[in-house]
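Asks: run17.pdb is reproduced below (PDB, C-alpha atoms).
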```pdb
ATOM      1  CA  MET Y   1     -30.235 -20.402  -0.717  1.00  0.00           C
ATOM      2  CA  THR Y   2     -27.196 -18.194  -1.368  1.00  0.00           C
ATOM      3  CA  THR Y   3     -26.925 -15.228   0.995  1.00  0.00           C
ATOM      4  CA  PRO Y   4     -27.521 -11.947  -0.895  1.00  0.00           C
ATOM      5  CA  ILE Y   5     -24.534  -9.644  -1.172  1.00  0.00           C
ATOM      6  CA  ILE Y   6     -26.881  -6.727  -0.425  1.00  0.00           C
ATOM      7  CA  ASP Y   7     -29.964  -7.201   1.721  1.00  0.00           C
ATOM      8  CA  ALA Y   8     -31.710  -3.975   2.738  1.00  0.00           C
ATOM      9  CA  LYS Y   9     -35.012  -3.762   4.576  1.00  0.00           C
ATOM     10  CA  GLY Y  10     -36.883  -0.502   5.088  1.00  0.00           C
ATOM     11  CA  LEU Y  11     -33.735   1.546   4.478  1.00  0.00           C
ATOM     12  CA  SER Y  12     -34.551   5.221   4.916  1.00  0.00           C
ATOM     13  CA  ARG Y  13     -32.927   8.600   5.281  1.00  0.00           C
ATOM     14  CA  THR Y  14     -34.515  11.834   6.474  1.00  0.00           C
ATOM     15  CA  PHE Y  15     -32.624  15.124   6.275  1.00  0.00           C
ATOM     16  CA  THR Y  16     -33.315  18.006   8.641  1.00  0.00           C
ATOM     17  CA  THR Y  17     -33.599  21.336   6.837  1.00  0.00           C
ATOM     18  CA  LYS Y  18     -34.636  24.849   7.801  1.00  0.00           C
ATOM     19  CA  LYS Y  19     -37.992  24.153   6.176  1.00  0.00           C
ATOM     20  CA  GLY Y  20     -38.454  20.913   8.087  1.00  0.00           C
ATOM     21  CA  PRO Y  21     -37.640  17.224   7.575  1.00  0.00           C
ATOM     22  CA  VAL Y  22     -37.122  15.911   4.045  1.00  0.00           C
ATOM     23  CA  GLU Y  23     -37.584  12.178   3.415  1.00  0.00           C
ATOM     24  CA  ALA Y  24     -35.024  11.448   0.689  1.00  0.00           C
ATOM     25  CA  VAL Y  25     -35.383   7.664   1.018  1.00  0.00           C
ATOM     26  CA  ARG Y  26     -38.635   6.415   2.540  1.00  0.00           C
ATOM     27  CA  GLY Y  27     -38.111   2.702   3.121  1.00  0.00           C
ATOM     28  CA  ILE Y  28     -36.302   0.786   0.408  1.00  0.00           C
ATOM     29  CA  ASP Y  29     -36.296  -3.005   0.336  1.00  0.00           C
ATOM     30  CA  LEU Y  30     -33.469  -4.227  -1.870  1.00  0.00           C
ATOM     31  CA  THR Y  31     -31.836  -7.589  -2.507  1.00  0.00           C
ATOM     32  CA  VAL Y  32     -28.818  -8.076  -4.767  1.00  0.00           C
ATOM     33  CA  SER Y  33     -27.452 -11.526  -5.543  1.00  0.00           C
ATOM     34  CA  ALA Y  34     -23.731 -12.226  -5.646  1.00  0.00           C
ATOM     35  CA  GLY Y  35     -22.368 -12.177  -9.179  1.00  0.00           C
ATOM     36  CA  GLU Y  36     -25.008 -10.015 -10.833  1.00  0.00           C
ATOM     37  CA  ILE Y  37     -24.889  -6.582 -12.426  1.00  0.00           C
ATOM     38  CA  LEU Y  38     -27.669  -4.495 -10.918  1.00  0.00           C
ATOM     39  CA  GLY Y  39     -28.774  -1.290 -12.622  1.00  0.00           C
ATOM     40  CA  PHE Y  40     -30.167   1.222 -10.114  1.00  0.00           C
ATOM     41  CA  LEU Y  41     -32.306   3.760 -11.949  1.00  0.00           C
ATOM     42  CA  GLY Y  42     -34.570   6.691 -11.225  1.00  0.00           C
ATOM     43  CA  PRO Y  43     -35.267  10.332 -12.054  1.00  0.00           C
ATOM     44  CA  ASN Y  44     -33.429  13.168 -10.336  1.00  0.00           C
ATOM     45  CA  GLY Y  45     -34.382  13.385  -6.687  1.00  0.00           C
ATOM     46  CA  ALA Y  46     -35.615   9.782  -6.578  1.00  0.00           C
ATOM     47  CA  GLY Y  47     -33.185   8.750  -3.821  1.00  0.00           C
ATOM     48  CA  LYS Y  48     -30.561   6.907  -5.906  1.00  0.00           C
ATOM     49  CA  THR Y  49     -27.528   8.798  -4.671  1.00  0.00           C
ATOM     50  CA  THR Y  50     -28.702   8.825  -1.059  1.00  0.00           C
ATOM     51  CA  THR Y  51     -29.289   5.067  -1.165  1.00  0.00           C
ATOM     52  CA  MET Y  52     -25.854   4.416  -2.657  1.00  0.00           C
ATOM     53  CA  ARG Y  53     -24.216   6.662  -0.088  1.00  0.00           C
ATOM     54  CA  MET Y  54     -25.908   4.708   2.697  1.00  0.00           C
ATOM     55  CA  LEU Y  55     -24.931   1.313   1.253  1.00  0.00           C
ATOM     56  CA  THR Y  56     -21.296   2.447   0.950  1.00  0.00           C
ATOM     57  CA  THR Y  57     -21.222   3.766   4.563  1.00  0.00           C
ATOM     58  CA  LEU Y  58     -20.810   7.393   3.459  1.00  0.00           C
ATOM     59  CA  LEU Y  59     -24.128   8.359   5.024  1.00  0.00           C
ATOM     60  CA  PRO Y  60     -25.809   6.738   8.047  1.00  0.00           C
ATOM     61  CA  PRO Y  61     -29.422   5.590   7.579  1.00  0.00           C
ATOM     62  CA  THR Y  62     -32.100   7.069   9.831  1.00  0.00           C
ATOM     63  CA  GLY Y  63     -34.182   3.914   9.592  1.00  0.00           C
ATOM     64  CA  GLY Y  64     -34.189   0.324   8.439  1.00  0.00           C
ATOM     65  CA  SER Y  65     -31.298  -2.113   8.227  1.00  0.00           C
ATOM     66  CA  ALA Y  66     -28.933  -3.634   5.687  1.00  0.00           C
ATOM     67  CA  THR Y  67     -26.146  -6.125   5.310  1.00  0.00           C
ATOM     68  CA  VAL Y  68     -23.589  -5.426   2.592  1.00  0.00           C
ATOM     69  CA  ALA Y  69     -20.982  -8.007   1.565  1.00  0.00           C
ATOM     70  CA  GLY Y  70     -21.860 -10.022   4.660  1.00  0.00           C
ATOM     71  CA  HIS Y  71     -21.443  -7.165   7.152  1.00  0.00           C
ATOM     72  CA  ASP Y  72     -24.057  -5.164   9.009  1.00  0.00           C
ATOM     73  CA  LEU Y  73     -24.222  -1.573   7.831  1.00  0.00           C
ATOM     74  CA  ALA Y  74     -24.836  -0.135  11.290  1.00  0.00           C
ATOM     75  CA  SER Y  75     -22.674  -2.313  13.548  1.00  0.00           C
ATOM     76  CA  ASP Y  76     -19.778  -3.130  11.196  1.00  0.00           C
ATOM     77  CA  PRO Y  77     -19.240  -0.310   8.666  1.00  0.00           C
ATOM     78  CA  GLY Y  78     -15.516  -1.105   8.609  1.00  0.00           C
ATOM     79  CA  GLY Y  79     -16.280  -4.640   7.463  1.00  0.00           C
ATOM     80  CA  VAL Y  80     -18.458  -3.238   4.688  1.00  0.00           C
ATOM     81  CA  ARG Y  81     -15.715  -0.880   3.508  1.00  0.00           C
ATOM     82  CA  ARG Y  82     -13.098  -3.634   3.445  1.00  0.00           C
ATOM     83  CA  ASN Y  83     -15.233  -5.671   1.061  1.00  0.00           C
ATOM     84  CA  ILE Y  84     -16.568  -3.061  -1.368  1.00  0.00           C
ATOM     85  CA  GLY Y  85     -15.124  -0.768  -4.001  1.00  0.00           C
ATOM     86  CA  TYR Y  86     -16.687   2.602  -4.790  1.00  0.00           C
ATOM     87  CA  VAL Y  87     -16.144   4.585  -7.988  1.00  0.00           C
ATOM     88  CA  ALA Y  88     -17.730   8.020  -7.697  1.00  0.00           C
ATOM     89  CA  GLN Y  89     -19.063   9.977 -10.637  1.00  0.00           C
ATOM     90  CA  ALA Y  90     -16.347  12.619 -10.219  1.00  0.00           C
ATOM     91  CA  SER Y  91     -12.777  11.396 -10.542  1.00  0.00           C
ATOM     92  CA  GLY Y  92     -10.692  11.790  -7.396  1.00  0.00           C
ATOM     93  CA  VAL Y  93      -7.222  11.178  -8.847  1.00  0.00           C
ATOM     94  CA  ASP Y  94      -4.320  13.495  -8.064  1.00  0.00           C
ATOM     95  CA  PRO Y  95      -3.414  15.307 -11.312  1.00  0.00           C
ATOM     96  CA  SER Y  96       0.171  15.916 -10.178  1.00  0.00           C
ATOM     97  CA  ILE Y  97       1.292  12.269  -9.953  1.00  0.00           C
ATOM     98  CA  SER Y  98       1.639   9.368 -12.369  1.00  0.00           C
ATOM     99  CA  VAL Y  99      -0.804   6.535 -12.925  1.00  0.00           C
ATOM    100  CA  ARG Y 100       1.670   4.171 -11.243  1.00  0.00           C
ATOM    101  CA  GLU Y 101       2.005   6.393  -8.165  1.00  0.00           C
ATOM    102  CA  GLU Y 102      -1.781   6.712  -7.885  1.00  0.00           C
ATOM    103  CA  LEU Y 103      -2.286   2.939  -8.011  1.00  0.00           C
ATOM    104  CA  VAL Y 104       0.563   2.183  -5.587  1.00  0.00           C
ATOM    105  CA  THR Y 105      -0.686   4.827  -3.149  1.00  0.00           C
ATOM    106  CA  GLN Y 106      -4.150   3.296  -3.232  1.00  0.00           C
ATOM    107  CA  GLY Y 107      -2.666  -0.125  -2.474  1.00  0.00           C
ATOM    108  CA  ARG Y 108      -0.714   1.250   0.461  1.00  0.00           C
ATOM    109  CA  MET Y 109      -3.890   2.866   1.813  1.00  0.00           C
ATOM    110  CA  TYR Y 110      -5.399  -0.618   1.853  1.00  0.00           C
ATOM    111  CA  ARG Y 111      -2.371  -1.734   3.907  1.00  0.00           C
ATOM    112  CA  LEU Y 112      -0.641  -3.704   1.182  1.00  0.00           C
ATOM    113  CA  ARG Y 113       3.095  -3.983   1.664  1.00  0.00           C
ATOM    114  CA  LYS Y 114       5.087  -1.834  -0.753  1.00  0.00           C
ATOM    115  CA  ALA Y 115       6.075  -4.758  -2.963  1.00  0.00           C
ATOM    116  CA  GLU Y 116       2.482  -6.024  -2.978  1.00  0.00           C
ATOM    117  CA  ALA Y 117       1.169  -2.578  -3.877  1.00  0.00           C
ATOM    118  CA  LYS Y 118       3.599  -2.325  -6.802  1.00  0.00           C
ATOM    119  CA  TYR Y 119       2.627  -5.792  -8.024  1.00  0.00           C
ATOM    120  CA  ARG Y 120      -1.080  -5.028  -7.750  1.00  0.00           C
ATOM    121  CA  ALA Y 121      -0.607  -1.724  -9.610  1.00  0.00           C
ATOM    122  CA  GLN Y 122       1.085  -3.561 -12.486  1.00  0.00           C
ATOM    123  CA  GLU Y 123      -1.584  -6.281 -12.480  1.00  0.00           C
ATOM    124  CA  LEU Y 124      -4.445  -3.778 -12.613  1.00  0.00           C
ATOM    125  CA  ALA Y 125      -2.725  -1.733 -15.307  1.00  0.00           C
ATOM    126  CA  GLU Y 126      -2.419  -4.797 -17.506  1.00  0.00           C
ATOM    127  CA  ASP Y 127      -5.997  -5.910 -16.852  1.00  0.00           C
ATOM    128  CA  LEU Y 128      -7.473  -2.478 -17.567  1.00  0.00           C
ATOM    129  CA  ASP Y 129      -5.310  -1.522 -20.559  1.00  0.00           C
ATOM    130  CA  LEU Y 130      -3.305   1.051 -18.611  1.00  0.00           C
ATOM    131  CA  ALA Y 131       0.124  -0.627 -18.774  1.00  0.00           C
ATOM    132  CA  GLU Y 132       1.504   1.773 -21.385  1.00  0.00           C
ATOM    133  CA  LEU Y 133       0.269   4.730 -19.332  1.00  0.00           C
ATOM    134  CA  LEU Y 134       1.788   3.845 -15.960  1.00  0.00           C
ATOM    135  CA  ASP Y 135       4.379   6.619 -16.031  1.00  0.00           C
ATOM    136  CA  ARG Y 136       2.088   9.227 -17.552  1.00  0.00           C
ATOM    137  CA  PRO Y 137       0.768  12.025 -15.290  1.00  0.00           C
ATOM    138  CA  THR Y 138      -2.898  11.445 -14.557  1.00  0.00           C
ATOM    139  CA  GLN Y 139      -3.702  14.963 -15.764  1.00  0.00           C
ATOM    140  CA  ALA Y 140      -2.591  13.904 -19.261  1.00  0.00           C
ATOM    141  CA  LEU Y 141      -5.120  11.044 -19.505  1.00  0.00           C
ATOM    142  CA  SER Y 142      -8.138  11.147 -21.773  1.00  0.00           C
ATOM    143  CA  GLY Y 143     -11.613  10.851 -20.273  1.00  0.00           C
ATOM    144  CA  GLY Y 144     -11.830   7.149 -21.055  1.00  0.00           C
ATOM    145  CA  GLN Y 145      -8.346   6.456 -19.683  1.00  0.00           C
ATOM    146  CA  ARG Y 146      -9.109   8.359 -16.493  1.00  0.00           C
ATOM    147  CA  ARG Y 147     -12.322   6.391 -16.035  1.00  0.00           C
ATOM    148  CA  ARG Y 148     -10.420   3.104 -16.366  1.00  0.00           C
ATOM    149  CA  LEU Y 149      -8.005   4.388 -13.729  1.00  0.00           C
ATOM    150  CA  ASP Y 150     -10.904   5.276 -11.418  1.00  0.00           C
ATOM    151  CA  ILE Y 151     -12.221   1.730 -11.765  1.00  0.00           C
ATOM    152  CA  ALA Y 152      -8.756   0.268 -11.214  1.00  0.00           C
ATOM    153  CA  LEU Y 153      -8.508   2.208  -7.952  1.00  0.00           C
ATOM    154  CA  GLY Y 154     -11.864   0.783  -6.869  1.00  0.00           C
ATOM    155  CA  LEU Y 155     -10.606  -2.756  -7.567  1.00  0.00           C
ATOM    156  CA  THR Y 156      -7.256  -2.440  -5.778  1.00  0.00           C
ATOM    157  CA  HIS Y 157      -8.256  -4.545  -2.758  1.00  0.00           C
ATOM    158  CA  ARG Y 158     -10.178  -7.155  -4.818  1.00  0.00           C
ATOM    159  CA  PRO Y 159     -13.625  -6.231  -3.460  1.00  0.00           C
ATOM    160  CA  LYS Y 160     -16.557  -8.627  -3.559  1.00  0.00           C
ATOM    161  CA  LEU Y 161     -18.852  -5.775  -4.599  1.00  0.00           C
ATOM    162  CA  LEU Y 162     -18.136  -2.746  -6.802  1.00  0.00           C
ATOM    163  CA  PHE Y 163     -20.340   0.370  -6.765  1.00  0.00           C
ATOM    164  CA  LEU Y 164     -20.216   2.420  -9.967  1.00  0.00           C
ATOM    165  CA  ASP Y 165     -21.869   5.845  -9.920  1.00  0.00           C
ATOM    166  CA  GLU Y 166     -22.635   7.021 -13.479  1.00  0.00           C
ATOM    167  CA  PRO Y 167     -19.550   5.237 -14.902  1.00  0.00           C
ATOM    168  CA  THR Y 168     -19.686   6.678 -18.446  1.00  0.00           C
ATOM    169  CA  THR Y 169     -20.995  10.210 -17.975  1.00  0.00           C
ATOM    170  CA  GLY Y 170     -19.157  12.575 -20.311  1.00  0.00           C
ATOM    171  CA  LEU Y 171     -17.388   9.861 -22.308  1.00  0.00           C
ATOM    172  CA  ASP Y 172     -17.398   9.564 -26.085  1.00  0.00           C
ATOM    173  CA  PRO Y 173     -19.090   6.502 -27.662  1.00  0.00           C
ATOM    174  CA  GLY Y 174     -15.829   4.564 -28.093  1.00  0.00           C
ATOM    175  CA  SER Y 175     -14.808   5.108 -24.470  1.00  0.00           C
ATOM    176  CA  ARG Y 176     -18.288   4.151 -23.295  1.00  0.00           C
ATOM    177  CA  SER Y 177     -17.997   0.884 -25.209  1.00  0.00           C
ATOM    178  CA  ASP Y 178     -14.632   0.199 -23.544  1.00  0.00           C
ATOM    179  CA  VAL Y 179     -16.159   0.747 -20.077  1.00  0.00           C
ATOM    180  CA  TRP Y 180     -19.068  -1.573 -20.946  1.00  0.00           C
ATOM    181  CA  ASP Y 181     -16.605  -4.310 -21.902  1.00  0.00           C
ATOM    182  CA  LEU Y 182     -14.718  -3.693 -18.667  1.00  0.00           C
ATOM    183  CA  VAL Y 183     -17.857  -4.016 -16.523  1.00  0.00           C
ATOM    184  CA  HIS Y 184     -18.650  -7.367 -18.153  1.00  0.00           C
ATOM    185  CA  ARG Y 185     -15.083  -8.553 -17.488  1.00  0.00           C
ATOM    186  CA  ILE Y 186     -15.270  -7.490 -13.833  1.00  0.00           C
ATOM    187  CA  ARG Y 187     -18.444  -9.499 -13.344  1.00  0.00           C
ATOM    188  CA  ALA Y 188     -16.980 -12.489 -15.219  1.00  0.00           C
ATOM    189  CA  GLU Y 189     -14.118 -12.481 -12.708  1.00  0.00           C
ATOM    190  CA  GLY Y 190     -16.586 -12.825  -9.828  1.00  0.00           C
ATOM    191  CA  THR Y 191     -17.255  -9.273  -8.668  1.00  0.00           C
ATOM    192  CA  THR Y 192     -20.829  -8.100  -8.171  1.00  0.00           C
ATOM    193  CA  VAL Y 193     -21.560  -4.700  -9.751  1.00  0.00           C
ATOM    194  CA  PHE Y 194     -24.088  -2.153  -8.439  1.00  0.00           C
ATOM    195  CA  MET Y 195     -24.411   0.633 -10.995  1.00  0.00           C
ATOM    196  CA  THR Y 196     -26.343   3.873 -11.327  1.00  0.00           C
ATOM    197  CA  THR Y 197     -26.749   5.465 -14.744  1.00  0.00           C
ATOM    198  CA  HIS Y 198     -28.917   7.983 -16.561  1.00  0.00           C
ATOM    199  CA  TYR Y 199     -28.218   6.241 -19.886  1.00  0.00           C
ATOM    200  CA  LEU Y 200     -31.026   3.729 -20.324  1.00  0.00           C
ATOM    201  CA  ASP Y 201     -29.318   2.049 -23.291  1.00  0.00           C
ATOM    202  CA  GLU Y 202     -26.409   1.410 -20.929  1.00  0.00           C
ATOM    203  CA  ALA Y 203     -28.686  -0.053 -18.269  1.00  0.00           C
ATOM    204  CA  ASP Y 204     -30.372  -2.230 -20.894  1.00  0.00           C
ATOM    205  CA  VAL Y 205     -27.099  -3.633 -22.263  1.00  0.00           C
ATOM    206  CA  LEU Y 206     -25.215  -4.121 -19.014  1.00  0.00           C
ATOM    207  CA  SER Y 207     -27.733  -5.033 -16.327  1.00  0.00           C
ATOM    208  CA  ASP Y 208     -28.897  -8.507 -15.412  1.00  0.00           C
ATOM    209  CA  ARG Y 209     -31.614  -6.871 -13.353  1.00  0.00           C
ATOM    210  CA  LEU Y 210     -32.956  -3.360 -12.790  1.00  0.00           C
ATOM    211  CA  VAL Y 211     -34.362  -1.590  -9.761  1.00  0.00           C
ATOM    212  CA  VAL Y 212     -36.219   1.654 -10.487  1.00  0.00           C
ATOM    213  CA  VAL Y 213     -36.728   4.050  -7.586  1.00  0.00           C
ATOM    214  CA  ASP Y 214     -39.012   7.056  -7.477  1.00  0.00           C
ATOM    215  CA  GLY Y 215     -39.983   9.257  -4.573  1.00  0.00           C
ATOM    216  CA  GLY Y 216     -37.630   7.434  -2.233  1.00  0.00           C
ATOM    217  CA  LEU Y 217     -39.263   4.029  -2.799  1.00  0.00           C
ATOM    218  CA  VAL Y 218     -38.760   1.088  -5.146  1.00  0.00           C
ATOM    219  CA  ALA Y 219     -41.215   1.615  -8.011  1.00  0.00           C
ATOM    220  CA  ALA Y 220     -40.347  -1.459 -10.101  1.00  0.00           C
ATOM    221  CA  GLU Y 221     -37.767  -4.213 -10.443  1.00  0.00           C
ATOM    222  CA  GLY Y 222     -36.989  -7.024 -12.845  1.00  0.00           C
ATOM    223  CA  THR Y 223     -34.899  -7.818 -15.887  1.00  0.00           C
ATOM    224  CA  PRO Y 224     -34.883  -5.208 -18.664  1.00  0.00           C
ATOM    225  CA  GLN Y 225     -37.070  -7.497 -20.776  1.00  0.00           C
ATOM    226  CA  ASP Y 226     -39.514  -8.041 -17.893  1.00  0.00           C
ATOM    227  CA  LEU Y 227     -39.950  -4.315 -17.323  1.00  0.00           C
ATOM    228  CA  LYS Y 228     -40.469  -3.575 -21.006  1.00  0.00           C
ATOM    229  CA  LEU Y 229     -43.135  -6.250 -21.308  1.00  0.00           C
ATOM    230  CA  ARG Y 230     -44.854  -5.395 -18.024  1.00  0.00           C
ATOM    231  CA  TYR Y 231     -45.057  -1.629 -18.529  1.00  0.00           C
ATOM    232  CA  THR Y 232     -45.355  -1.257 -22.309  1.00  0.00           C
ATOM    233  CA  GLY Y 233     -46.896  -4.560 -23.323  1.00  0.00           C
ATOM    234  CA  SER Y 234     -43.999  -5.320 -25.677  1.00  0.00           C
ATOM    235  CA  ALA Y 235     -40.650  -6.969 -24.940  1.00  0.00           C
ATOM    236  CA  THR Y 236     -39.243  -5.187 -28.015  1.00  0.00           C
ATOM    237  CA  ALA Y 237     -40.085  -1.721 -26.704  1.00  0.00           C
ATOM    238  CA  SER Y 238     -37.295   0.556 -25.529  1.00  0.00           C
ATOM    239  CA  LEU Y 239     -36.331   0.801 -21.891  1.00  0.00           C
ATOM    240  CA  ARG Y 240     -36.965   4.551 -22.219  1.00  0.00           C
ATOM    241  CA  GLU Y 241     -40.657   3.818 -22.826  1.00  0.00           C
ATOM    242  CA  ALA Y 242     -40.824   1.526 -19.798  1.00  0.00           C
ATOM    243  CA  PHE Y 243     -39.019   4.087 -17.605  1.00  0.00           C
ATOM    244  CA  LEU Y 244     -41.511   6.785 -18.615  1.00  0.00           C
ATOM    245  CA  ALA Y 245     -44.425   4.474 -17.859  1.00  0.00           C
ATOM    246  CA  ILE Y 246     -42.991   3.561 -14.434  1.00  0.00           C
ATOM    247  CA  THR Y 247     -41.961   7.019 -13.215  1.00  0.00           C
ATOM    248  CA  GLY Y 248     -43.861   9.490 -15.367  1.00  0.00           C
ATOM    249  CA  HIS Y 249     -40.511  11.167 -16.095  1.00  0.00           C
ATOM    250  CA  HIS Y 250     -38.585  11.314 -19.334  1.00  0.00           C
ATOM    251  CA  PRO Y 251     -34.991  10.053 -18.937  1.00  0.00           C
ATOM    252  CA  LEU Y 252     -32.485  12.881 -18.525  1.00  0.00           C
ATOM    253  CA  ALA Y 253     -29.783  11.454 -20.774  1.00  0.00           C
ATOM    254  CA  PRO Y 254     -30.248  10.586 -24.453  1.00  0.00           C
ATOM    255  CA  ASP Y 255     -29.182   7.238 -25.826  1.00  0.00           C
ATOM    256  CA  ILE Y 256     -25.799   7.623 -27.549  1.00  0.00           C
ATOM    257  CA  PRO Y 257     -24.616   5.291 -30.330  1.00  0.00           C
ATOM    258  CA  VAL Y 258     -21.695   3.171 -29.155  1.00  0.00           C
ATOM    259  CA  ALA Y 259     -18.775   2.126 -31.322  1.00  0.00           C
ATOM    260  CA  VAL Y 260     -18.826  -1.626 -31.952  1.00  0.00           C
TER
END
```
I'd like the structure from this file rewritten - as structure tokens, please.
Replies:
Amino acid sequence: MTTPIIDAKGLSRTFTTKKGPVEAVRGIDLTVSAGEILGFLGPNGAGKTTTMRMLTTLLPPTGGSATVAGHDLASDPGGVRRNIGYVAQASGVDPSISVREELVTQGRMYRLRKAEAKYRAQELAEDLDLAELLDRPTQALSGGQRRRLDIALGLTHRPKLLFLDEPTTGLDPGSRSDVWDLVHRIRAEGTTVFMTTHYLDEADVLSDRLVVVDGGLVAAEGTPQDLKLRYTGSATASLREAFLAITGHHPLAPDIPVAV
């Protein structure tokens, strides 16, 4: 059998507060196969962000274990970071520099030689439809253009696994469609995608498989079609209906028509 690119067992995180301990994640078992797009869903406070932060080494677990991209989360966090890309919900680009400078700087941070960093910046710009924007200040980019730049930065070091946190929040329908196409292209080129989203139409269209968390635990998992059939009795039902049946919560974000 192929080794999973993510294999988490009993992953948990407890925060200490003035009011006492808070169990944000209470023991998640999670397996992600190489080459798939996994949609990671749940209502607010379900543990999605905490789980992603643990899997990307931004937050140490208080229990359980995980291997990510072939490296142990606890004993080899550096190995994890070298093999993953992470695109946060909020853009972290420097508004005072150009797209080219941002991409080259990212390459240099991953220890590419200067010539390599320049080549990779050009390659990513062409792949992600940013070539005509290379000398434009990042502050002048539209929302969709900035999101493509964020994703380009996450792909600079050719990671095996890309984490996308709410990749289309705040984008117009046309820009959302562009990001959807980009996610499919990234997977077609061999990169596994782990994605959180509040847009259930997005999860339905993009994901090979879904994991729904609630209360810090996995509540359901399967393909979108499997979950619809299992929790609504109809494979033609909406994912919104299945999500409500699984969690008891209405989705936060409405479905938004996407330009075709």
Asks: Step by step, work through what the PyMOL selection byres ((chain Y and resi 88) around 10) selects in the shown file, and finish by giving those residues as number ranges by chain.
Replies: Y: 85-87, 89-92, 150-151, 154, 163-167
Asks: Could you tell me which residues the PyMOL selection byres ((chain Y and resi 195) around 10) grabs in this file, written as a PyMOL selection string?
Replies: chain Y and resi 37-41+52+87+162-167+183+192-194+196-197+203+206-207+210
Asks: For Thr57 in chain Y, work out the shell of residues within 8 Å, counting only C-alpha atoms and skipping chain neighbours fewer than 6 positions away, then give it as a ChimeraX atom specification.
Replies: /Y:73,77,80-81
Asks: Apply the PyMOL selection byres ((chain Y and resi 2) around 10) to the structure shown and report the selected residues as a PDB file with C-alpha atoms, keeping the file's coordinate frame.
Replies:
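Output below, filename result-v8.pdb:
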```pdb
ATOM      1  CA  MET Y   1     -30.235 -20.402  -0.717  1.00  0.00           C
ATOM      2  CA  THR Y   3     -26.925 -15.228   0.995  1.00  0.00           C
ATOM      3  CA  PRO Y   4     -27.521 -11.947  -0.895  1.00  0.00           C
ATOM      4  CA  ILE Y   5     -24.534  -9.644  -1.172  1.00  0.00           C
ATOM      5  CA  SER Y  33     -27.452 -11.526  -5.543  1.00  0.00           C
ATOM      6  CA  ALA Y  34     -23.731 -12.226  -5.646  1.00  0.00           C
TER       7      ALA Y  34
END
```
Asks: May I ask which of the residues Y:Gln106, Y:Thr223, Y:Thr56, Y:Thr49 is the closest one to Asp72 in chain Y, counting all atoms listed in the file?
Replies: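 Smallest separation from Asp72 in chain Y among the options: Y:Thr56.
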Asks: Give me, please, the distance in Å between CA of Lys160 in chain Y and CA of Leu59 in chain Y, quoted to one decimal.
Replies: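 That distance, rounded to one decimal, is 20.5 Å.
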Asks: Edge lengths and centre, in Å to one decimal, as JSON: that's what I need for the box along x, y and z that holds all listed atoms of range 198-202 of chain Y plus 6 Å on each side.
Replies:
```
{"center_x": -28.7, "center_y": 4.7, "center_z": -19.9, "size_x": 16.6, "size_y": 18.6, "size_z": 18.7}
```
Asks: Up to 7 Å from (0.9, -0.7, -3.2) in the file's coordinates: name the residues, counting all atoms listed in the file, as number ranges by chain.
Replies: Y: 103-108, 112-118, 120-121
Asks: Determine the nearest neighbour of Ala140 in chain Y from the options Y:Ile97, Y:Ala219, Y:Ala69, Y:Ala46, counting only C-alpha atoms.
Replies: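 Ranked by minimum distance to Ala140 in chain Y, first place goes to Y:Ile97.
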Asks: Would you compute the distance between CA of Thr31 in chain Y and CA of Ala188 in chain Y? Give it in Å to one decimal.
Replies: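 So the answer is 20.2 Å.
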Asks: Export range 19-26 of chain Y from the structure block above, keeping N, CA, C and O atoms, as a PDB file, in the first residue's frame.
Replies:
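Resulting contents of decode_2.pdb:
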```pdb
ATOM      1  N   LYS Y  19      -9.996  30.345  32.574  1.00  0.00           N
ATOM      2  CA  LYS Y  19     -11.179  29.611  33.032  1.00  0.00           C
ATOM      3  C   LYS Y  19     -10.945  28.107  33.077  1.00  0.00           C
ATOM      4  O   LYS Y  19     -11.851  27.346  33.401  1.00  0.00           O
ATOM      5  N   GLY Y  20      -9.722  27.683  32.738  1.00  0.00           N
ATOM      6  CA  GLY Y  20      -9.412  26.269  32.762  1.00  0.00           C
ATOM      7  C   GLY Y  20      -9.038  25.753  31.394  1.00  0.00           C
ATOM      8  O   GLY Y  20      -9.016  26.500  30.413  1.00  0.00           O
ATOM      9  N   PRO Y  21      -8.737  24.467  31.272  1.00  0.00           N
ATOM     10  CA  PRO Y  21      -8.328  23.894  29.984  1.00  0.00           C
ATOM     11  C   PRO Y  21      -9.466  23.861  28.976  1.00  0.00           C
ATOM     12  O   PRO Y  21     -10.619  23.610  29.334  1.00  0.00           O
ATOM     13  N   VAL Y  22      -9.119  24.121  27.716  1.00  0.00           N
ATOM     14  CA  VAL Y  22     -10.087  24.054  26.617  1.00  0.00           C
ATOM     15  C   VAL Y  22      -9.562  23.058  25.595  1.00  0.00           C
ATOM     16  O   VAL Y  22      -8.471  23.229  25.052  1.00  0.00           O
ATOM     17  N   GLU Y  23     -10.341  21.999  25.332  1.00  0.00           N
ATOM     18  CA  GLU Y  23      -9.949  20.986  24.356  1.00  0.00           C
ATOM     19  C   GLU Y  23     -10.420  21.412  22.967  1.00  0.00           C
ATOM     20  O   GLU Y  23     -11.566  21.192  22.594  1.00  0.00           O
ATOM     21  N   ALA Y  24      -9.525  22.033  22.199  1.00  0.00           N
ATOM     22  CA  ALA Y  24      -9.891  22.503  20.860  1.00  0.00           C
ATOM     23  C   ALA Y  24      -9.962  21.350  19.875  1.00  0.00           C
ATOM     24  O   ALA Y  24     -10.832  21.317  18.996  1.00  0.00           O
ATOM     25  N   VAL Y  25      -9.021  20.413  19.996  1.00  0.00           N
ATOM     26  CA  VAL Y  25      -9.013  19.198  19.170  1.00  0.00           C
ATOM     27  C   VAL Y  25      -8.875  18.029  20.129  1.00  0.00           C
ATOM     28  O   VAL Y  25      -7.950  17.995  20.946  1.00  0.00           O
ATOM     29  N   ARG Y  26      -9.772  17.042  20.028  1.00  0.00           N
ATOM     30  CA  ARG Y  26      -9.902  16.041  21.094  1.00  0.00           C
ATOM     31  C   ARG Y  26      -9.474  14.631  20.688  1.00  0.00           C
ATOM     32  O   ARG Y  26      -9.797  13.668  21.380  1.00  0.00           O
TER      33      ARG Y  26
END
```
